[in-house]
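Data file: final-v1.cif. Format and content: mmCIF, C-alpha atoms.
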data_entry
loop_
_atom_site.label_atom_id
_atom_site.label_comp_id
_atom_site.auth_asym_id
_atom_site.auth_seq_id
_atom_site.Cartn_x
_atom_site.Cartn_y
_atom_site.Cartn_z
CA MET A 237 0.00 0.00 0.00
CA SER A 238 2.78 2.44 0.88
CA ALA A 239 4.52 1.71 -2.45
CA ILE A 240 1.41 2.57 -4.47
CA ALA A 241 0.84 5.67 -2.33
CA GLN A 242 4.38 6.89 -3.04
CA TYR A 243 4.08 6.10 -6.75
CA LEU A 244 0.84 8.06 -7.07
CA ALA A 245 2.15 10.99 -5.03
CA GLY A 246 5.29 11.05 -7.18
CA ASN A 247 3.09 11.26 -10.26
CA GLY A 248 1.22 14.32 -9.05
CA LYS A 249 -1.78 12.76 -7.31
CA THR A 250 -3.07 14.00 -3.95
CA VAL A 251 -2.64 11.06 -1.60
CA LYS A 252 -3.41 10.55 2.06
CA GLY A 253 -3.73 7.44 4.14
CA SER A 254 -4.06 5.82 7.51
CA ASP A 255 -2.59 2.92 9.40
CA ARG A 256 -3.57 1.51 12.76
CA LEU A 257 0.15 1.25 13.54
CA PHE A 258 0.45 5.04 13.48
CA ASN A 259 -0.89 4.80 17.05
CA PHE A 260 2.52 3.60 18.16
CA GLU A 261 5.51 5.90 18.56
CA GLU A 262 7.95 3.38 17.09
CA ASN A 263 6.25 3.84 13.71
CA ASN A 264 6.84 7.59 13.59
CA HIS A 265 9.83 7.06 11.28
CA THR A 266 7.68 5.41 8.58
CA ARG A 267 5.06 8.11 8.97
CA THR A 268 7.71 10.80 8.56
CA GLN A 269 9.07 9.09 5.43
CA LEU A 270 5.58 9.08 3.89
CA GLU A 271 4.97 12.70 4.84
CA ASN A 272 8.29 13.62 3.21
CA GLU A 273 6.77 12.23 -0.01
CA HIS A 274 3.83 14.66 0.44
CA ILE A 275 1.46 11.95 1.70
CA ALA A 276 -0.77 13.12 4.55
CA CYS A 277 -1.00 10.49 7.31
CA PHE A 278 -3.87 9.94 9.74
CA LEU A 279 -4.78 7.59 12.56
CA GLN A 280 -7.22 4.91 11.43
CA ASN A 281 -10.28 6.60 12.88
CA GLY A 282 -11.98 8.05 9.79
CA SER A 283 -10.61 11.55 10.27
CA GLY A 284 -8.81 11.52 6.92
CA ILE A 285 -11.97 10.81 4.91
CA ASP A 286 -14.53 13.41 3.89
CA GLU A 287 -16.93 14.21 1.04
CA HIS A 288 -14.02 15.48 -1.08
CA THR A 289 -12.27 12.07 -1.05
CA GLU A 290 -12.42 10.64 -4.59
CA ALA A 291 -11.72 6.99 -3.74
CA ILE A 292 -10.58 4.69 -0.97
CA ILE A 293 -7.91 2.13 -1.83
CA ILE A 294 -7.75 -1.02 0.32
CA SER A 295 -5.89 -4.31 0.36
CA THR A 296 -7.57 -7.69 0.78
CA ALA A 297 -6.38 -7.60 4.41
CA ILE A 298 -8.83 -4.82 5.36
CA GLU A 299 -12.07 -6.07 6.90
CA ASP A 300 -15.53 -4.65 6.10
CA THR A 301 -16.00 -3.55 9.72
CA ASN A 302 -13.01 -1.19 9.52
CA ILE A 303 -14.18 2.26 10.63
CA GLU A 304 -12.86 3.90 7.45
CA ILE A 305 -14.65 1.43 5.18
CA VAL A 306 -17.86 2.08 7.07
CA LYS A 307 -17.42 5.85 6.73
CA ALA A 308 -16.54 5.62 3.02
CA LYS A 309 -19.70 3.60 2.37
CA SER A 310 -21.80 6.12 4.29
CA LEU A 311 -20.44 8.89 2.03
CA ASN A 312 -20.84 6.76 -1.13
CA ILE A 313 -17.12 6.98 -1.85
CA PRO A 314 -15.88 4.31 -4.30
CA ILE A 315 -13.78 1.57 -2.69
CA ILE A 316 -11.08 0.14 -4.96
CA LEU A 317 -8.94 -2.94 -4.33
CA ARG A 318 -5.20 -2.37 -4.32
CA ALA A 319 -4.77 -5.04 -7.00
CA ASP A 320 -7.27 -3.32 -9.31
CA LEU A 321 -5.46 -0.02 -8.95
CA LEU A 322 -2.08 -1.67 -9.55
CA ALA A 323 -3.53 -3.39 -12.63
CA ALA A 324 -4.62 0.01 -13.95
CA ILE A 325 -1.17 1.45 -13.27
CA CYS A 326 0.42 -1.52 -15.09
CA LYS A 327 -1.83 -0.90 -18.08
CA SER A 328 -0.55 2.67 -18.32
CA LYS A 329 3.14 1.63 -18.45
CA ARG A 330 5.42 -0.91 -20.13
CA THR A 331 5.32 -3.24 -17.17
CA ILE A 332 7.64 -6.04 -16.15
CA ALA A 333 5.92 -8.22 -13.54
CA ILE A 334 8.09 -10.47 -11.37
CA ALA A 335 6.16 -13.45 -9.99
CA GLY A 336 6.82 -16.72 -8.19
CA THR A 337 6.55 -18.19 -4.72
CA SER A 338 10.05 -17.07 -3.71
CA GLY A 339 12.60 -14.49 -4.85
CA LYS A 340 10.28 -11.73 -6.09
CA SER A 341 11.60 -8.89 -3.94
CA THR A 342 15.24 -9.79 -4.50
CA THR A 343 14.87 -10.19 -8.26
CA THR A 344 12.88 -6.97 -8.56
CA ALA A 345 15.65 -5.14 -6.69
CA MET A 346 18.38 -6.71 -8.84
CA LEU A 347 16.58 -5.86 -12.07
CA PHE A 348 15.90 -2.29 -10.93
CA HIS A 349 19.63 -1.90 -10.22
CA ILE A 350 20.60 -3.28 -13.66
CA LEU A 351 18.14 -1.10 -15.58
CA HIS A 352 18.82 2.01 -13.52
CA SER A 353 22.58 1.55 -13.96
CA ASN A 354 22.09 1.33 -17.73
CA GLY A 355 20.13 4.56 -17.99
CA ILE A 356 16.65 3.10 -18.46
CA ASN A 357 15.32 4.76 -15.25
CA PRO A 358 12.28 2.51 -14.59
CA SER A 359 9.55 3.12 -12.06
CA LEU A 360 9.19 0.64 -9.21
CA ILE A 361 6.41 -0.79 -7.03
CA THR A 362 7.62 -3.62 -4.83
CA GLY A 363 7.19 -5.24 -1.44
CA ALA A 364 10.58 -4.73 0.19
CA GLY A 365 12.78 -1.67 0.57
CA LEU A 366 15.86 -1.34 -1.66
CA ALA A 367 18.98 -0.37 0.26
CA SER A 368 20.01 2.12 -2.45
CA LEU A 369 16.71 4.01 -2.04
CA GLN A 370 16.72 3.71 1.75
CA GLN A 371 20.08 5.46 1.75
CA GLU A 372 18.23 8.45 0.30
CA GLY A 373 15.88 8.44 3.32
CA LYS A 374 13.01 6.70 1.50
CA ILE A 375 11.05 3.61 2.52
CA GLY A 376 12.63 2.12 -0.59
CA ASN A 377 9.73 0.12 -2.03
CA ALA A 378 8.73 2.64 -4.72
CA TYR A 379 10.37 4.88 -7.28
CA CYS A 380 9.01 7.19 -9.97
CA GLY A 381 11.24 6.83 -13.02
CA LYS A 382 11.30 8.90 -16.19
CA SER A 383 11.00 6.03 -18.68
CA ASP A 384 7.92 4.10 -19.83
CA TRP A 385 9.09 1.00 -17.93
CA LEU A 386 7.63 -0.12 -14.60
CA LEU A 387 8.82 -3.00 -12.41
CA ILE A 388 6.31 -4.61 -10.07
CA GLU A 389 6.47 -7.45 -7.60
CA ALA A 390 3.40 -9.48 -8.58
CA ASP A 391 2.05 -11.54 -5.68
CA GLU A 392 0.01 -14.72 -6.09
CA SER A 393 -0.82 -15.17 -2.38
CA ASP A 394 -4.31 -13.62 -2.58
CA GLY A 395 -5.02 -14.65 -6.19
CA THR A 396 -4.82 -11.10 -7.55
CA LEU A 397 -1.93 -11.98 -9.87
CA VAL A 398 -4.49 -12.78 -12.57
CA LYS A 399 -5.46 -9.09 -12.79
CA TYR A 400 -2.11 -7.94 -14.20
CA LYS A 401 -1.46 -7.76 -17.95
CA PRO A 402 2.21 -6.82 -18.21
CA GLU A 403 4.38 -6.51 -21.29
CA ILE A 404 6.89 -8.96 -19.80
CA GLY A 405 6.19 -11.58 -17.14
CA LEU A 406 8.80 -13.44 -15.11
CA LEU A 407 8.15 -16.72 -13.24
CA LEU A 408 10.85 -17.65 -10.73
CA SER A 409 9.41 -20.63 -8.84
CA ILE A 410 6.23 -22.42 -7.80
CA ASP A 411 5.92 -24.05 -4.39
CA LYS A 412 3.03 -24.78 -2.06
CA ASP A 413 2.81 -21.76 0.22
CA HIS A 414 -0.37 -19.69 0.54
CA LYS A 415 -2.40 -21.90 -1.82
CA GLU A 416 -2.64 -25.49 -3.01
CA LEU A 417 -0.58 -26.35 -6.09
CA GLU A 418 -3.55 -26.94 -8.39
CA GLU A 419 -4.91 -23.50 -7.59
CA LEU A 420 -1.46 -22.00 -8.17
CA PHE A 421 -1.21 -23.71 -11.56
CA THR A 422 -4.46 -22.07 -12.64
CA ILE A 423 -3.29 -18.64 -11.41
CA PHE A 424 0.09 -18.85 -13.16
CA GLU A 425 -1.46 -20.15 -16.38
CA THR A 426 -3.72 -17.09 -16.48
CA PHE A 427 -0.78 -14.84 -15.68
CA LYS A 428 1.24 -16.42 -18.51
CA ASN A 429 -1.58 -15.83 -20.99
CA ASN A 430 -1.97 -12.22 -19.84
CA CYS A 431 1.64 -11.30 -20.69
CA LYS A 432 1.55 -9.30 -23.91
CA GLN A 433 5.12 -9.66 -25.22
CA SER A 434 7.19 -12.28 -23.42
CA PHE A 435 6.91 -14.78 -20.59
CA ILE A 436 10.20 -15.88 -19.03
CA VAL A 437 10.44 -18.91 -16.74
CA ASN A 438 13.04 -20.68 -14.64
CA GLN A 439 14.01 -23.90 -16.45
CA SER A 440 15.88 -25.01 -13.31
CA HIS A 441 12.64 -25.23 -11.34
CA THR A 442 10.58 -28.37 -12.02
CA LEU A 443 7.13 -26.85 -11.52
CA ALA A 444 7.92 -23.49 -13.11
CA LYS A 445 9.40 -24.82 -16.35
CA ARG A 446 6.12 -26.50 -17.34
CA PHE A 447 4.77 -22.98 -18.05
CA SER A 448 7.47 -22.13 -20.60
CA LYS A 449 6.24 -20.58 -23.84
CA ASN A 450 9.65 -20.14 -25.48
CA ILE A 451 12.83 -21.64 -24.06
CA GLN A 452 14.83 -19.14 -26.12
CA VAL A 453 13.92 -16.39 -23.64
CA ASP A 454 14.02 -18.53 -20.47
CA PHE A 455 16.84 -18.89 -17.94
CA GLY A 456 18.33 -21.78 -16.01
CA ASN A 457 19.13 -25.32 -17.15
CA HIS A 458 19.82 -25.78 -20.88
CA THR A 459 19.15 -22.14 -21.79
CA ARG A 460 21.33 -19.25 -22.99
CA PHE A 461 21.29 -18.00 -19.41
CA GLU A 462 22.43 -21.11 -17.57
CA GLY A 463 24.72 -20.68 -14.59
CA THR A 464 27.64 -23.08 -14.21
CA HIS A 465 30.64 -23.54 -11.88
CA PHE A 466 28.69 -22.14 -8.92
CA GLN A 467 30.77 -21.41 -5.82
CA GLN A 468 30.05 -19.68 -2.54
CA GLN A 469 32.80 -18.11 -0.49
CA GLY A 470 31.63 -16.27 2.58
CA PHE A 471 29.06 -13.69 1.59
CA HIS A 472 29.83 -13.90 -2.11
CA ILE A 473 28.78 -16.23 -4.89
CA THR A 474 30.52 -16.73 -8.21
CA PHE A 475 29.25 -18.50 -11.30
CA GLU A 476 29.81 -18.53 -15.04
CA VAL A 477 27.29 -17.64 -17.75
CA GLN A 478 28.09 -17.35 -21.46
CA SER A 479 31.82 -17.60 -20.59
CA LEU A 480 31.57 -14.58 -18.27
CA ILE A 481 32.44 -14.93 -14.59
CA CYS A 482 29.88 -13.23 -12.33
CA LYS A 483 30.45 -12.32 -8.69
CA ILE A 484 27.62 -11.10 -6.47
CA PRO A 485 27.74 -10.13 -2.76
CA THR A 486 24.98 -12.50 -1.61
CA ILE A 487 24.53 -16.17 -0.75
CA GLY A 488 22.83 -19.24 -2.19
CA ILE A 489 22.27 -20.88 -5.56
CA HIS A 490 18.76 -19.39 -5.55
CA ASN A 491 20.33 -15.93 -5.87
CA MET A 492 22.29 -17.11 -8.88
CA GLU A 493 18.92 -18.05 -10.40
CA ASN A 494 17.49 -14.64 -9.48
CA ALA A 495 20.43 -12.96 -11.21
CA LEU A 496 20.05 -15.16 -14.29
CA ALA A 497 16.38 -14.13 -14.46
CA CYS A 498 17.46 -10.48 -14.53
CA MET A 499 19.98 -11.21 -17.30
CA ALA A 500 17.25 -12.82 -19.40
CA VAL A 501 15.03 -9.73 -19.03
CA ALA A 502 17.91 -7.33 -19.67
CA ASP A 503 18.78 -9.25 -22.83
CA LEU A 504 15.20 -8.85 -24.08
CA LEU A 505 15.52 -5.09 -23.53
CA GLY A 506 18.80 -4.96 -25.40
#
Write out the structure in this file as structure tokens.
Amino acid sequence: MSAIAQYLAGNGKTVKGSDRLFNFEENNHTRTQLENEHIACFLQNGSGIDEHTEAIIISTAIEDTNIEIVKAKSLNIPIILRADLLAAICKSKRTIAIAGTSGKSTTTAMLFHILHSNGINPSLITGAGLASLQQEGKIGNAYCGKSDWLLIEADESDGTLVKYKPEIGLLLSIDKDHKELEELFTIFETFKNNCKQSFIVNQSHTLAKRFSKNIQVDFGNHTRFEGTHFQQQGFHITFEVQSLICKIPTIGIHNMENALACMAVADLLG
């Protein structure tokens, strides 16, 4: 929610919001960060809503008995699901949606770094703060770029993944987590079909690779972006891809796969 709020505020919209956690002093830092982005913050008591409010945006975690939902309904203010708003934002941009049970935040951060470092300047809506943005005093989970590209972390946990229709979709992994596998297969199949240009999957992951549309754009085993000679030394991993030796300050073979996913997307973008 805070990422979408920052994105909208950064694009000239008037945004305000509430959180029940604003009642606690330890959350003043987050509140200050939001206010620095010109987002007015209120306690969750209805005080921030009036007849001039155009719409209320909620996540699937907000219950109908919430005092702000009740007030919005009494004033006939439209109530919009976060996923529906994010889907509308995606439609307005050239969106790259990163999906999968694990690795979404990390891969989104890696890809943002690669694109930003190569002058593409994408926008960002994700679930975890990027250290590079946090060093600028921001929460770090949103960025308003100057290009047409937008990176989003696309979550399947509440089933809303099917609402997004990105230009490029990325599938990292599929494991039983929030939903049963059969339900996940249906969700990811819809997501695959909604991707307008390319759908990139992890050929190293047994359940993910069954959704491949074109192995020429995939990553992992038996693809152009296959990692070999993996080694971990302390807090660094090294591996080889297309005869190039890569070294990344992180741990685990899963992070090699996340990096390979980013390479596959970057290659598509030239």
### Message
What's the separation between atom CA of Leu321 of chain A and atom CA of Ala333 of chain A, in Å to one decimal place?
### Response
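So the answer is 14.8 Å.
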### Message
Could you list, as a list in words, every residue matched by the PyMOL selection byres ((chain A and resi 274-279) around 8) in this structure?
### Response
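On the file shown, the PyMOL selection byres ((chain A and resi 274-279) around 8) covers Ala241, Gln242, Ala245, Thr250, Val251, Lys252, Gly253, Ser254, Asp255, Arg256, Phe258, Asn259, Arg267, Leu270, Glu271, Asn272, Glu273, Gln280, Asn281, Gly282, Ser283 and Gly284 of chain A.
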Mind running segment 260-335 of chain A against segment 395-400 of chain A at 9 Å and telling me each contacting residue's nearest atom pair with the distance in Å (one decimal), counting only C-alpha atoms, chain and number ascending, as a tab-separated table?
residue	atom	partner	partner_atom	distance
A:Ala319	CA	A:Thr396	CA	6.1
A:Asp320	CA	A:Lys399	CA	7.0
A:Leu322	CA	A:Tyr400	CA	7.8
A:Ala323	CA	A:Tyr400	CA	5.0
A:Ala324	CA	A:Tyr400	CA	8.3
A:Cys326	CA	A:Tyr400	CA	7.0
A:Lys327	CA	A:Tyr400	CA	8.0
A:Ala333	CA	A:Tyr400	CA	8.1
A:Ala335	CA	A:Leu397	CA	8.2
### Task
Please provide the set of residues having any atom within 12 Å of Ala497 of chain A, restricted to only C-alpha atoms, with same-chain residues fewer than 5 positions apart removed, written as an NGL selection string.
:A and (334-336 or 339-340 or 342-347 or 350 or 405-409 or 435-440 or 453-457 or 459-463 or 477 or 490-492 or 502-504)
### Task
Using all atoms listed in the file, collect all residues at a distance of at most 6 Å from (6.4, -8.3, -2.4) as written in the file, then present them as a list in words.
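Result, sorted by chain then residue number: Ser341, Thr362, Gly363 and Glu389 of chain A.
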